[in-house]
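A.B. asks: One file: model_35.txt (compact mmCIF, C-alpha atoms).
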# COMPACT_ATOMS: atom_id res chain seq x y z
CA MET M 203 41.14 204.25 7.68
CA THR M 204 38.55 206.90 8.37
CA PRO M 205 35.09 205.52 9.09
CA GLU M 206 33.02 206.16 5.97
CA ARG M 207 29.25 206.12 6.02
CA ARG M 208 27.84 202.65 5.50
CA ILE M 209 26.04 201.76 2.33
CA SER M 210 22.33 201.39 2.94
CA GLU M 211 20.51 198.24 1.97
CA ALA M 212 18.41 200.13 -0.58
CA GLU M 213 21.52 201.57 -2.19
CA LEU M 214 23.11 198.18 -2.36
CA HIS M 215 20.21 196.72 -4.33
CA ALA M 216 19.84 199.81 -6.47
CA TYR M 217 23.51 199.48 -7.33
CA LEU M 218 23.05 195.84 -8.26
CA ASP M 219 20.03 196.64 -10.39
CA SER M 220 21.63 199.60 -12.21
CA GLU M 221 19.11 202.00 -10.75
CA LEU M 222 21.67 204.60 -9.64
CA THR M 223 22.80 207.72 -11.43
CA ALA M 224 26.39 207.63 -12.65
CA GLU M 225 27.37 209.88 -9.76
CA ASP M 226 25.75 207.74 -7.06
CA ARG M 227 27.09 204.65 -8.69
CA ALA M 228 30.64 205.94 -8.48
CA GLU M 229 30.13 206.82 -4.84
CA VAL M 230 28.79 203.37 -3.96
CA GLU M 231 31.67 201.71 -5.80
CA GLU M 232 34.11 203.75 -3.78
CA LEU M 233 32.37 202.84 -0.53
CA LEU M 234 32.16 199.16 -1.51
CA ALA M 235 35.90 199.00 -1.94
CA ALA M 236 36.22 199.67 1.77
CA GLN M 237 33.23 197.62 2.95
CA PRO M 238 33.93 193.93 2.31
CA VAL M 239 30.73 192.76 3.98
CA GLU M 240 28.55 194.77 1.63
CA LEU M 241 30.72 193.82 -1.31
CA GLY M 242 30.15 190.19 -0.39
CA LEU M 243 26.41 190.74 -0.34
CA VAL M 244 26.47 192.34 -3.77
CA ARG M 245 28.34 189.31 -5.07
CA ASP M 246 25.94 186.89 -3.41
CA PHE M 247 22.91 188.64 -4.84
CA ARG M 248 24.52 188.76 -8.26
CA ASP M 249 25.27 185.03 -8.01
CA LEU M 250 21.68 184.37 -7.04
CA ASN M 251 20.41 186.30 -10.05
CA GLU M 252 22.68 184.31 -12.31
CA ALA M 253 21.60 181.04 -10.75
CA ILE M 254 17.95 181.96 -11.27
CA ALA M 255 18.57 182.96 -14.88
CA GLN M 256 20.37 179.68 -15.52
CA ARG M 257 17.78 177.61 -13.73
CA TYR M 258 14.90 178.85 -15.89
CA ALA M 259 16.70 179.56 -19.15
CA SER M 260 15.34 176.40 -20.77
CA ARG M 261 11.82 177.84 -20.61
CA LEU M 262 12.84 180.46 -23.16
CA GLU M 263 13.40 177.73 -25.71
CA ALA M 264 10.43 175.53 -24.88
CA PRO M 265 8.21 174.96 -27.93
CA LEU M 266 4.86 176.75 -27.80
CA PRO M 267 1.91 174.53 -26.91
CA GLU M 268 -0.73 174.25 -29.61
CA ARG M 269 -3.35 176.09 -27.53
CA MET M 270 -1.11 179.16 -27.25
CA LYS M 271 -0.56 179.18 -31.00
CA GLN M 272 -4.31 179.11 -31.46
CA VAL M 273 -4.87 182.19 -29.34
CA LEU M 274 -2.10 183.97 -31.19
CA ALA M 275 -3.70 183.04 -34.48
CA THR M 276 -6.88 184.84 -33.46
CA MET M 277 -5.01 188.08 -32.78
CA PRO M 278 -5.26 190.80 -35.40
CA GLU M 279 -2.24 190.74 -37.66
CA HIS M 280 -1.68 194.38 -38.32
CA GLY M 281 -0.17 196.68 -35.76
CA GLY M 282 -0.55 200.14 -37.18
CA ALA M 283 -3.63 199.40 -39.23
CA GLU M 284 -6.73 201.42 -38.63
CA LEU M 285 -8.57 198.50 -37.19
CA ALA M 286 -5.82 197.44 -34.83
CA SER M 287 -5.93 200.45 -32.60
CA GLY M 288 -8.50 200.30 -29.88
CA ARG M 289 -7.99 203.93 -29.04
CA ARG M 290 -8.31 205.14 -32.59
CA ARG M 291 -11.30 202.95 -33.02
CA TRP M 292 -12.92 204.53 -29.99
CA MET M 293 -12.26 207.90 -31.49
CA GLN M 294 -14.12 206.71 -34.55
CA VAL M 295 -16.92 205.52 -32.35
CA ALA M 296 -16.97 208.85 -30.54
CA ALA M 297 -16.96 210.69 -33.85
CA ALA M 298 -19.80 208.52 -35.10
CA ALA M 299 -21.74 209.27 -31.92
CA LEU M 300 -21.15 212.99 -32.38
CA ILE M 301 -22.29 212.84 -35.97
CA ALA M 302 -25.39 210.96 -34.85
CA VAL M 303 -26.13 213.68 -32.30
CA LEU M 304 -25.61 216.44 -34.87
CA ALA M 305 -27.69 214.60 -37.41
CA ALA M 306 -30.45 214.15 -34.87
CA ALA M 307 -30.29 217.85 -34.00
CA ALA M 308 -30.38 218.76 -37.68
CA GLY M 309 -33.28 216.37 -38.20
CA TYR M 310 -35.06 217.92 -35.30
CA ALA M 311 -34.57 221.40 -36.75
CA VAL M 312 -36.10 220.51 -40.07
CA ARG M 313 -38.68 218.12 -38.77
CA GLY M 314 -41.82 218.34 -40.76
CA LEU M 315 -39.92 219.23 -43.88
CA THR M 316 -38.09 215.97 -44.47
CA VAL M 317 -38.69 212.41 -43.55
CA PRO M 318 -35.66 211.37 -41.47
CA THR M 319 -33.88 208.57 -43.25
CA ARG M 320 -31.71 206.02 -41.62
CA SER M 321 -28.23 205.50 -43.00
CA PRO M 322 -27.71 202.21 -44.85
CA GLU M 323 -25.07 201.29 -42.24
CA SER M 324 -27.36 201.70 -39.26
CA ALA M 325 -30.08 199.81 -41.15
CA PHE M 326 -27.60 196.99 -41.67
CA VAL M 327 -26.71 196.91 -37.96
CA ALA M 328 -30.38 197.06 -37.00
CA THR M 329 -31.07 194.06 -39.26
CA ALA M 330 -28.16 192.16 -37.73
CA ILE M 331 -29.40 192.90 -34.20
CA GLY M 332 -32.93 192.00 -35.23
CA ALA M 333 -31.79 188.66 -36.61
CA HIS M 334 -29.80 188.12 -33.44
CA SER M 335 -32.75 188.78 -31.14
CA VAL M 336 -35.05 186.53 -33.19
CA TYR M 337 -32.86 183.44 -33.31
CA VAL M 338 -30.83 183.57 -30.11
CA PRO M 339 -33.70 182.60 -27.78
CA GLU M 340 -34.45 179.51 -29.88
CA VAL M 341 -33.83 176.34 -27.94
CA ARG M 342 -34.65 173.72 -30.56
CA HIS M 343 -33.94 175.50 -33.84
CA PRO M 344 -31.35 178.22 -33.23
CA VAL M 345 -29.65 177.44 -36.53
CA GLU M 346 -30.54 175.99 -39.90
CA VAL M 347 -27.36 173.94 -40.25
CA GLY M 348 -25.44 172.81 -37.19
CA ALA M 349 -21.73 173.04 -36.49
CA ALA M 350 -21.39 169.30 -37.11
CA GLU M 351 -21.78 170.14 -40.82
CA GLU M 352 -19.60 173.22 -40.74
CA ALA M 353 -17.85 172.54 -44.04
CA HIS M 354 -21.15 172.12 -45.83
CA LEU M 355 -22.61 175.20 -44.11
CA VAL M 356 -19.70 177.41 -45.15
CA GLN M 357 -19.73 176.09 -48.69
CA TRP M 358 -23.46 176.63 -49.03
CA LEU M 359 -23.38 180.18 -47.65
CA THR M 360 -20.37 181.04 -49.80
CA LYS M 361 -22.33 179.99 -52.85
CA ARG M 362 -25.50 181.83 -51.86
CA LEU M 363 -23.81 185.08 -50.79
CA GLY M 364 -21.52 185.05 -53.82
CA ALA M 365 -18.47 185.77 -51.67
CA ASN M 366 -15.99 183.78 -49.67
CA VAL M 367 -17.74 183.15 -46.34
CA ARG M 368 -15.86 181.78 -43.35
CA ALA M 369 -16.88 180.88 -39.81
CA PRO M 370 -14.13 182.20 -37.52
CA THR M 371 -12.81 179.91 -34.79
CA LEU M 372 -13.55 181.44 -31.42
CA SER M 373 -13.03 178.37 -29.26
CA PRO M 374 -9.77 179.70 -27.76
CA LEU M 375 -11.90 182.53 -26.40
CA GLY M 376 -14.46 180.12 -25.04
CA TRP M 377 -17.08 180.45 -27.80
CA LYS M 378 -18.23 177.37 -29.67
CA LEU M 379 -19.87 177.48 -33.10
CA VAL M 380 -23.51 176.41 -32.90
CA GLY M 381 -24.16 176.67 -36.64
CA GLY M 382 -25.58 179.12 -39.12
CA ARG M 383 -28.42 180.09 -41.41
CA LEU M 384 -29.30 181.96 -44.58
CA LEU M 385 -31.44 185.10 -44.24
CA PRO M 386 -33.02 187.68 -46.52
CA ASP M 387 -31.79 191.27 -46.17
CA ARG M 388 -33.65 193.73 -48.43
CA GLY M 389 -33.58 191.31 -51.30
CA LEU M 390 -29.98 190.26 -50.69
CA PRO M 391 -28.90 186.94 -49.22
CA ALA M 392 -27.28 187.31 -45.79
CA ALA M 393 -25.70 184.78 -43.45
CA GLN M 394 -25.69 184.40 -39.70
CA PHE M 395 -23.33 182.29 -37.61
CA MET M 396 -24.20 181.65 -33.99
CA TYR M 397 -21.75 180.97 -31.17
CA GLU M 398 -22.32 179.94 -27.59
CA ASP M 399 -20.06 180.09 -24.54
CA GLY M 400 -19.84 177.83 -21.50
CA ALA M 401 -22.33 179.97 -19.62
CA GLY M 402 -24.92 179.60 -22.40
CA ARG M 403 -24.55 183.15 -23.69
CA ARG M 404 -24.93 183.54 -27.43
CA LEU M 405 -23.22 185.67 -29.99
CA THR M 406 -24.03 186.06 -33.69
CA LEU M 407 -21.91 187.11 -36.63
CA TYR M 408 -24.00 188.52 -39.45
CA MET M 409 -22.74 189.21 -42.98
CA ARG M 410 -23.77 190.09 -46.50
CA LYS M 411 -22.29 191.75 -49.57
CA GLU M 412 -21.43 195.36 -48.80
CA THR M 413 -23.62 196.63 -51.66
CA GLY M 414 -25.16 199.99 -50.77
CA LEU M 415 -22.96 200.61 -47.76
CA ASN M 416 -20.69 203.63 -47.94
CA ASN M 417 -19.14 204.01 -44.54
CA THR M 418 -16.57 201.28 -44.04
CA ALA M 419 -15.23 202.45 -40.67
CA PHE M 420 -15.49 200.22 -37.66
CA GLN M 421 -18.52 201.24 -35.60
CA PHE M 422 -20.12 200.35 -32.34
CA ALA M 423 -23.85 200.40 -31.80
CA GLU M 424 -26.17 199.64 -28.93
CA ARG M 425 -29.85 198.91 -29.29
CA ASP M 426 -32.47 197.34 -27.07
CA GLY M 427 -29.83 196.06 -24.68
CA PHE M 428 -27.77 194.45 -27.44
CA ALA M 429 -24.32 195.62 -28.41
CA ALA M 430 -22.95 195.32 -31.93
CA PHE M 431 -19.81 196.06 -33.90
CA TYR M 432 -20.00 196.74 -37.59
CA TRP M 433 -17.25 196.77 -40.18
CA VAL M 434 -16.68 196.24 -43.87
CA ASP M 435 -14.01 194.01 -45.31
CA ARG M 436 -14.77 193.94 -48.99
CA PRO M 437 -16.68 192.31 -50.48
CA LEU M 438 -18.56 191.55 -47.24
CA ALA M 439 -20.02 193.71 -44.50
CA TYR M 440 -20.06 192.21 -41.00
CA ALA M 441 -21.79 192.83 -37.71
CA ILE M 442 -21.36 190.91 -34.50
CA ALA M 443 -24.07 191.21 -31.92
CA GLY M 444 -24.62 190.01 -28.38
CA ARG M 445 -25.75 191.00 -24.95
CA LEU M 446 -22.15 191.66 -23.91
CA GLN M 447 -20.04 194.44 -22.48
CA ARG M 448 -18.36 196.65 -25.07
CA ASP M 449 -14.86 195.52 -24.09
CA GLU M 450 -15.65 191.88 -24.43
CA LEU M 451 -17.45 192.39 -27.70
CA MET M 452 -14.60 194.49 -29.01
CA GLY M 453 -12.10 191.76 -28.13
CA LEU M 454 -14.23 189.29 -30.08
CA ALA M 455 -14.61 191.69 -32.99
CA ASN M 456 -10.84 192.08 -33.05
CA ALA M 457 -10.34 188.33 -33.07
CA ILE M 458 -12.89 187.81 -35.83
CA TYR M 459 -11.53 190.64 -37.93
CA GLY M 460 -8.01 189.27 -37.48
CA GLN M 461 -9.05 185.84 -38.70
CA LEU M 462 -11.23 186.86 -41.60
CA GLU M 463 -8.74 189.37 -42.84
CA GLN M 464 -5.94 186.83 -43.33
CA ARG M 465 -6.39 184.88 -46.46
CA MET R 257 5.93 198.55 -37.27
CA PRO R 258 5.66 194.94 -36.15
CA SER R 259 2.19 193.47 -36.04
CA ARG R 260 0.42 193.22 -32.69
CA ARG R 261 0.43 189.48 -32.96
CA ASP R 262 4.21 189.39 -33.49
CA ALA R 263 4.77 191.82 -30.63
CA VAL R 264 2.77 189.63 -28.26
CA ALA R 265 4.37 186.43 -29.57
CA ALA R 266 7.80 187.90 -28.93
CA GLU R 267 6.97 188.28 -25.22
CA ILE R 268 5.75 184.74 -24.67
CA PRO R 269 9.11 183.08 -23.93
CA ARG R 270 9.85 185.59 -21.18
CA LEU R 271 6.34 185.34 -19.79
CA ARG R 272 6.68 181.57 -19.64
CA ARG R 273 10.06 181.73 -17.96
CA TYR R 274 8.74 184.15 -15.37
CA ALA R 275 5.56 182.14 -14.76
CA ARG R 276 7.58 178.96 -14.36
CA ALA R 277 9.83 180.53 -11.73
CA LEU R 278 6.85 182.14 -10.05
CA THR R 279 4.64 179.06 -9.78
CA GLY R 280 7.30 176.36 -9.49
CA ASP R 281 5.42 174.15 -11.91
CA ASP R 282 5.50 173.79 -15.73
CA GLY R 283 1.82 172.97 -16.12
CA GLU R 284 0.57 175.66 -13.79
CA ALA R 285 2.85 178.19 -15.47
CA ASP R 286 1.53 177.39 -18.94
CA ASP R 287 -2.07 177.51 -17.73
CA LEU R 288 -1.32 180.96 -16.38
CA ILE R 289 0.18 182.06 -19.70
CA GLN R 290 -2.75 180.64 -21.60
CA ASP R 291 -5.15 182.65 -19.43
CA THR R 292 -2.94 185.71 -19.84
CA LEU R 293 -3.04 185.45 -23.63
CA GLU R 294 -6.78 184.94 -23.70
CA ARG R 295 -7.40 187.91 -21.47
CA ALA R 296 -4.97 190.00 -23.50
CA LEU R 297 -6.82 189.10 -26.68
CA ALA R 298 -10.15 190.04 -25.15
CA ARG R 299 -8.73 193.38 -24.01
CA LEU R 300 -6.54 194.36 -26.93
CA GLY R 301 -8.19 197.75 -26.82
CA GLN R 302 -6.43 198.52 -23.53
CA TRP R 303 -3.03 198.25 -25.12
CA ARG R 304 -1.90 201.70 -26.12
CA ASP R 305 -0.57 201.97 -29.62
CA GLY R 306 3.18 202.11 -29.94
CA ASP R 307 3.83 200.78 -26.42
CA SER R 308 5.74 197.59 -25.90
CA PRO R 309 3.21 195.04 -24.70
CA ARG R 310 5.62 193.77 -22.04
CA LYS R 311 4.37 195.72 -19.02
CA TRP R 312 0.78 195.27 -20.09
CA LEU R 313 1.16 191.48 -20.42
CA PHE R 314 3.08 191.18 -17.16
CA SER R 315 0.37 193.07 -15.30
CA ILE R 316 -2.35 190.83 -16.75
CA LEU R 317 -0.28 187.84 -15.66
CA HIS R 318 0.17 189.33 -12.20
CA ASN R 319 -3.56 189.95 -11.75
CA LEU R 320 -4.44 186.43 -12.84
CA HIS R 321 -1.79 185.00 -10.53
CA VAL R 322 -3.15 186.95 -7.57
CA ASP R 323 -6.71 185.82 -8.40
CA GLY R 324 -5.46 182.24 -8.55
CA LEU R 325 -3.74 182.50 -5.17
CA ARG R 326 -6.92 183.90 -3.65
CA ARG R 327 -8.91 180.96 -4.99
CA LYS R 328 -6.31 178.49 -3.78
CA SER R 329 -6.20 179.97 -0.29
CA ARG R 330 -9.88 179.23 0.09
CA ARG R 331 -9.19 175.57 -0.49
CA PRO R 332 -7.38 173.48 2.12
CA PRO R 333 -3.81 172.79 1.07
CA HIS R 334 -3.29 169.20 0.03
CA VAL R 335 0.38 169.23 -0.78
CA GLY R 336 2.99 169.31 1.95
CA LEU R 337 6.28 171.09 1.62
CA ASP R 338 8.18 167.82 1.36
CA SER R 339 6.24 166.71 -1.65
CA VAL R 340 6.59 170.16 -3.20
CA GLY R 341 10.31 169.60 -3.13
CA ALA R 342 10.06 166.08 -4.47
CA ASP R 343 7.79 167.10 -7.33
CA HIS R 344 10.23 169.50 -8.81
CA SER R 345 13.25 167.47 -9.65
CA ALA R 346 15.12 169.60 -12.11
CA PRO R 347 16.26 168.39 -15.52
CA ALA R 348 19.84 167.23 -15.36
CA ALA R 349 21.00 170.11 -17.52
CA ASP R 350 19.98 172.59 -14.88
CA GLY R 351 22.43 171.18 -12.39
CA ALA R 352 22.05 169.78 -8.94
CA SER R 353 21.17 173.09 -7.32
CA GLY R 354 18.16 173.54 -9.60
CA ARG R 355 15.71 171.92 -7.29
CA ASP R 356 16.94 173.76 -4.25
CA LEU R 357 16.60 177.10 -5.95
CA ASP R 358 13.15 176.22 -7.23
CA LEU R 359 12.06 175.20 -3.76
CA ALA R 360 13.70 178.20 -2.09
CA LEU R 361 11.82 180.55 -4.41
CA GLN R 362 8.55 178.83 -3.57
CA LEU R 363 9.27 179.38 0.10
CA LEU R 364 9.36 183.15 -0.37
CA PRO R 365 6.09 185.01 0.13
CA SER R 366 4.50 185.49 -3.27
CA GLU R 367 4.87 189.30 -3.15
CA GLN R 368 8.59 189.03 -2.58
CA ARG R 369 9.04 186.31 -5.18
CA GLU R 370 7.32 188.45 -7.80
CA VAL R 371 9.64 191.40 -7.24
CA VAL R 372 12.80 189.28 -7.01
CA LEU R 373 11.92 187.67 -10.36
CA LEU R 374 10.60 190.71 -12.21
CA VAL R 375 13.70 192.72 -11.39
CA GLY R 376 16.37 190.05 -11.09
CA LEU R 377 15.27 187.64 -13.81
CA GLU R 378 13.26 189.73 -16.24
CA GLY R 379 15.29 192.89 -15.84
CA LEU R 380 12.39 195.26 -15.23
CA SER R 381 13.32 198.60 -13.71
CA TYR R 382 11.92 199.45 -10.29
CA ALA R 383 9.48 201.83 -11.93
CA GLU R 384 8.30 199.17 -14.39
CA ALA R 385 7.90 196.58 -11.65
CA ALA R 386 5.92 199.10 -9.59
CA GLU R 387 3.63 199.71 -12.54
CA VAL R 388 3.14 196.02 -13.29
CA LEU R 389 2.34 195.20 -9.66
CA ALA R 390 0.43 198.44 -9.04
CA ILE R 391 2.45 199.26 -5.91
CA PRO R 392 4.70 202.20 -4.99
CA ILE R 393 8.40 202.05 -5.90
CA GLY R 394 9.32 202.12 -2.21
CA THR R 395 7.36 198.91 -1.74
CA VAL R 396 9.17 197.32 -4.69
CA MET R 397 12.48 198.17 -3.03
CA SER R 398 11.59 196.88 0.41
CA ARG R 399 10.12 193.63 -0.96
CA LEU R 400 13.18 193.17 -3.11
CA ALA R 401 15.55 193.60 -0.17
CA ARG R 402 13.56 191.27 2.03
CA GLY R 403 13.06 188.69 -0.69
CA ARG R 404 16.69 188.59 -1.73
CA GLY R 405 17.86 188.44 1.87
CA ARG R 406 15.61 185.50 2.52
CA LEU R 407 16.54 183.69 -0.65
CA ARG R 408 20.19 184.10 0.21
CA ALA R 409 19.60 182.52 3.61
CA LEU R 410 17.45 179.72 2.17
CA MET R 411 20.11 178.88 -0.40
CA GLY R 412 22.56 178.39 2.43
CA TYR R 413 24.80 181.33 1.76
CA GLU R 414 26.62 181.43 5.08
CA GLY R 415 25.31 183.62 7.85
CA GLY R 416 21.65 183.57 6.96
CA TYR R 417 21.54 187.27 6.21
CA GLU R 418 17.98 188.48 6.27
CA GLY R 419 17.22 191.85 4.79
CA GLY R 420 16.06 194.65 6.97
CA GLY R 421 19.03 195.48 9.14
CA LYS R 422 22.32 194.22 10.53
CA SER R 423 24.01 193.66 7.20
CA GLY R 424 27.26 194.36 8.95
CA GLN R 425 27.06 190.97 10.65
CA ALA R 426 26.82 188.92 7.49
CA PRO R 427 29.92 186.92 6.68
CA LEU R 428 31.51 186.86 3.28
CA ARG R 429 31.91 183.27 2.32
CA ARG R 430 29.24 180.82 1.51
CA VAL R 431 28.96 177.22 2.52
CA LYS R 432 28.77 175.67 -0.92
Show me this structure written as structure tokens.

C.D. replies:
Amino acid sequence: MTPERRISEAELHAYLDSELTAEDRAEVEELLAAQPVELGLVRDFRDLNEAIAQRYASRLEAPLPERMKQVLATMPEHGGAELASGRRRWMQVAAAALIAVLAAAAGYAVRGLTVPTRSPESAFVATAIGAHSVYVPEVRHPVEVGAAEEAHLVQWLTKRLGANVRAPTLSPLGWKLVGGRLLPDRGLPAAQFMYEDGAGRRLTLYMRKETGLNNTAFQFAERDGFAAFYWVDRPLAYAIAGRLQRDELMGLANAIYGQLEQR
Amino acid sequence: MPSRRDAVAAEIPRLRRYARALTGDDGEADDLIQDTLERALARLGQWRDGDSPRKWLFSILHNLHVDGLRRKSRRPPHVGLDSVGADHSAPAADGASGRDLDLALQLLPSEQREVVLLVGLEGLSYAEAAEVLAIPIGTVMSRLARGRGRLRALMGYEGGYEGGGKSGQAPLRRVK
């Protein structure tokens, strides 16, 4: 038999892992037929793969632990929905920023002629951030009703706001409910829930009826070192605020939206 | 289009299987998956629309695993190899060789174990494995060859073939 070139180690694995083109595959198969040592290796490696697959197959069937189910439950339900796409959402944010710049430029151009008015949405976010910055530093009275009376708190706020209020569960993400309070917002009742993480950082979720708000798109805002996300899920408008990085806040906003949205 | 939650949920069994083989321990594996899911949830925005979440989730898992190893290496080891073996008695259904295989995998360097499992167990292509581990494809291939060669030797396939050369010397039959 004429001495053929030997199959390289890389080729041998690539053959095993179906990484070769049909042409190269045919060539290796031909070579293997004449190289029993390499053929033996291919078989051994294939056997090893099968043994590994068999050894760990039972993990595929293992029931999900409760804590994993909880994290899943906080994930947004809808894949293609407007609110589920981080990228699209950032485009909205970018668009909102652009509009803000244009509006500012326009305002600048006609300054002196008109009194610049703030959009109802940005006023809402400003109120939410304001409420956040007032109550978050409180050590003794951060909330009106504590998390120990969560059911009562939710029931009371639902009644006062005239809409179904819920306090999302953020404990799988490391945020514990501290409690909540009722607040006035331009003559309307508003509610604030406060959360705290293991490091003592605080986060608030602010809500009221969406009356007077036109823009329902998800928006990001930053003000005085606080970051906030705003969205409307009729009949309520929401804003979460905290001294957090955008990514982290967005993850939380996603989780909250996902929970509140499912009925 | 399936919901994001369903798409992530669908990956969990494979993630758990991989983590179990990678860590050699049920509890450690599930802790790793729990952390992976929490980080994924906090970073949903990074997941590009329309993509399968598989690569994304595997790379989160990989990063957390590497972080964990770094933390562990700063602590003195308190478990000897003998007790590692004893701790992992396999369920009867997995057969007598289960424990040996589990132990043999743990004896591979972590980088080699990752590649052997991502490609051999989870069926990722070389390109996908390279992306998940953030290494060049050439590195995937060399780690794979070395890892498999070592595993073959550890599992007592006759000849103790180690990747990296002299494959011509390896015999054909195995001991068991």

A.B. asks: At what distance in Å, to one decimal, does atom CA of His215 of chain M lie from atom CA of Leu400 of chain R?

C.D. replies: 8.0 Å

A.B. asks: Quick check, in Å to one decimal: how far apart do atom CA of Tyr413 of chain R and atom CA of Asp246 of chain M lie?

C.D. replies: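 According to the coordinates, atom CA of Tyr413 of chain R and atom CA of Asp246 of chain M are separated by 7.7 Å.
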
A.B. asks: At what distance in Å, to one decimal, does atom CA of Leu385 of chain M lie from atom CA of Thr413 of chain M?

C.D. replies: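 Atom-to-atom, atom CA of Thr413 of chain M and atom CA of Leu385 of chain M are spaced 15.8 Å apart.
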
A.B. asks: Quick one: everything within 12 Å of Ile316 of chain R, counting all atoms listed in the file, minus sequence neighbours fewer than 6 positions away in the same chain. Send it as a PDB file with C-alpha atoms, in the coordinates of the input.

C.D. replies:
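As a result, part_34.pdb now contains:
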ATOM      1  CA  LEU R 271       6.340 185.340 -19.790  1.00  0.00           C
ATOM      2  CA  ALA R 275       5.560 182.140 -14.760  1.00  0.00           C
ATOM      3  CA  LEU R 288      -1.320 180.960 -16.380  1.00  0.00           C
ATOM      4  CA  ILE R 289       0.180 182.060 -19.700  1.00  0.00           C
ATOM      5  CA  GLN R 290      -2.750 180.640 -21.600  1.00  0.00           C
ATOM      6  CA  ASP R 291      -5.150 182.650 -19.430  1.00  0.00           C
ATOM      7  CA  THR R 292      -2.940 185.710 -19.840  1.00  0.00           C
ATOM      8  CA  LEU R 293      -3.040 185.450 -23.630  1.00  0.00           C
ATOM      9  CA  GLU R 294      -6.780 184.940 -23.700  1.00  0.00           C
ATOM     10  CA  ARG R 295      -7.400 187.910 -21.470  1.00  0.00           C
ATOM     11  CA  ALA R 296      -4.970 190.000 -23.500  1.00  0.00           C
ATOM     12  CA  LEU R 297      -6.820 189.100 -26.680  1.00  0.00           C
ATOM     13  CA  ALA R 298     -10.150 190.040 -25.150  1.00  0.00           C
ATOM     14  CA  ARG R 299      -8.730 193.380 -24.010  1.00  0.00           C
ATOM     15  CA  LEU R 300      -6.540 194.360 -26.930  1.00  0.00           C
ATOM     16  CA  GLN R 302      -6.430 198.520 -23.530  1.00  0.00           C
ATOM     17  CA  TRP R 303      -3.030 198.250 -25.120  1.00  0.00           C
ATOM     18  CA  PRO R 309       3.210 195.040 -24.700  1.00  0.00           C
ATOM     19  CA  ARG R 310       5.620 193.770 -22.040  1.00  0.00           C
ATOM     20  CA  VAL R 322      -3.150 186.950  -7.570  1.00  0.00           C
ATOM     21  CA  ASP R 323      -6.710 185.820  -8.400  1.00  0.00           C
ATOM     22  CA  GLU R 387       3.630 199.710 -12.540  1.00  0.00           C
ATOM     23  CA  VAL R 388       3.140 196.020 -13.290  1.00  0.00           C
ATOM     24  CA  LEU R 389       2.340 195.200  -9.660  1.00  0.00           C
ATOM     25  CA  ALA R 390       0.430 198.440  -9.040  1.00  0.00           C
TER      26      ALA R 390
END

A.B. asks: So, with all atoms listed in the file as the atoms that count, which of R:Ala401, R:Leu364, R:Leu359, R:Ala285 lies closest to His318 of chain R?

C.D. replies: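 The shortest atom-to-atom distance to His318 of chain R comes from R:Ala285.
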
A.B. asks: Which protein, DNA or RNA residues are at most 8 Å from (11.1, 174.8, -18.3) in the file's coordinates when you count all atoms listed in the file, listed as a list in words?

C.D. replies: Tyr258, Ala259, Ser260, Arg261, Leu262 and Ala264 of chain M; Arg273, Arg276 and Asp282 of chain R

A.B. asks: Taking 6 positions as the minimum chain separation for residues in the same chain, which residues sit within 8 Å of Ala423 of chain M when counting all atoms listed in the file? Answer as a tab-separated table (two decimals) with C-alpha atoms, in the frame of the given file.

C.D. replies:
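Printed below is around_15.tsv as written:
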chain	number	residue	atom	x	y	z
M	327	VAL	CA	-26.71	196.91	-37.96
M	429	ALA	CA	-24.32	195.62	-28.41
M	430	ALA	CA	-22.95	195.32	-31.93
M	431	PHE	CA	-19.81	196.06	-33.90
M	432	TYR	CA	-20.00	196.74	-37.59

A.B. asks: Using only C-alpha atoms, which protein or nucleic acid residues come within 9 Å of Phe247 of chain M? Drop anything in the same chain fewer than 4 positions from it, and give the result as a compact mmCIF listing (two decimals) with C-alpha atoms, keeping the file's coordinate frame.

C.D. replies:
# COMPACT_ATOMS: atom_id res chain seq x y z
CA HIS M 215 20.21 196.72 -4.33
CA LEU M 218 23.05 195.84 -8.26
CA GLY M 242 30.15 190.19 -0.39
CA LEU M 243 26.41 190.74 -0.34
CA ASN M 251 20.41 186.30 -10.05
CA GLU M 252 22.68 184.31 -12.31
CA ARG R 404 16.69 188.59 -1.73
CA GLY R 405 17.86 188.44 1.87
CA ARG R 408 20.19 184.10 0.21

A.B. asks: Mind checking which residues fall within 10 Å of Ser308 of chain R, counting all atoms listed in the file, ignoring those fewer than 2 positions away in the same chain, and posting them as number ranges by chain?

C.D. replies: R: 260, 263-264, 267, 303-306, 310-313

A.B. asks: For a quick check of understanding, using only C-alpha atoms, which of M:Val341, M:Ala401, M:Leu390, M:Leu214 has the smallest distance to chain R?

C.D. replies: M:Leu214

A.B. asks: For segment 371-384 of chain M, find every residue with an atom within 6 Å (counting all atoms listed in the file), except residues of its own chain fewer than 6 positions away, and show them as a VMD selection string.

C.D. replies: chain M and resid 273 345 to 349 392 to 399

A.B. asks: Go ahead and fit an axis-aligned box to every listed atom of segment 269-278 of chain R plus 3 Å each side, and pass me the centre and edge lengths in Å, one decimal, as JSON.

C.D. replies:
{"center_x": 7.8, "center_y": 182.3, "center_z": -17.0, "size_x": 10.5, "size_y": 12.6, "size_z": 19.9}
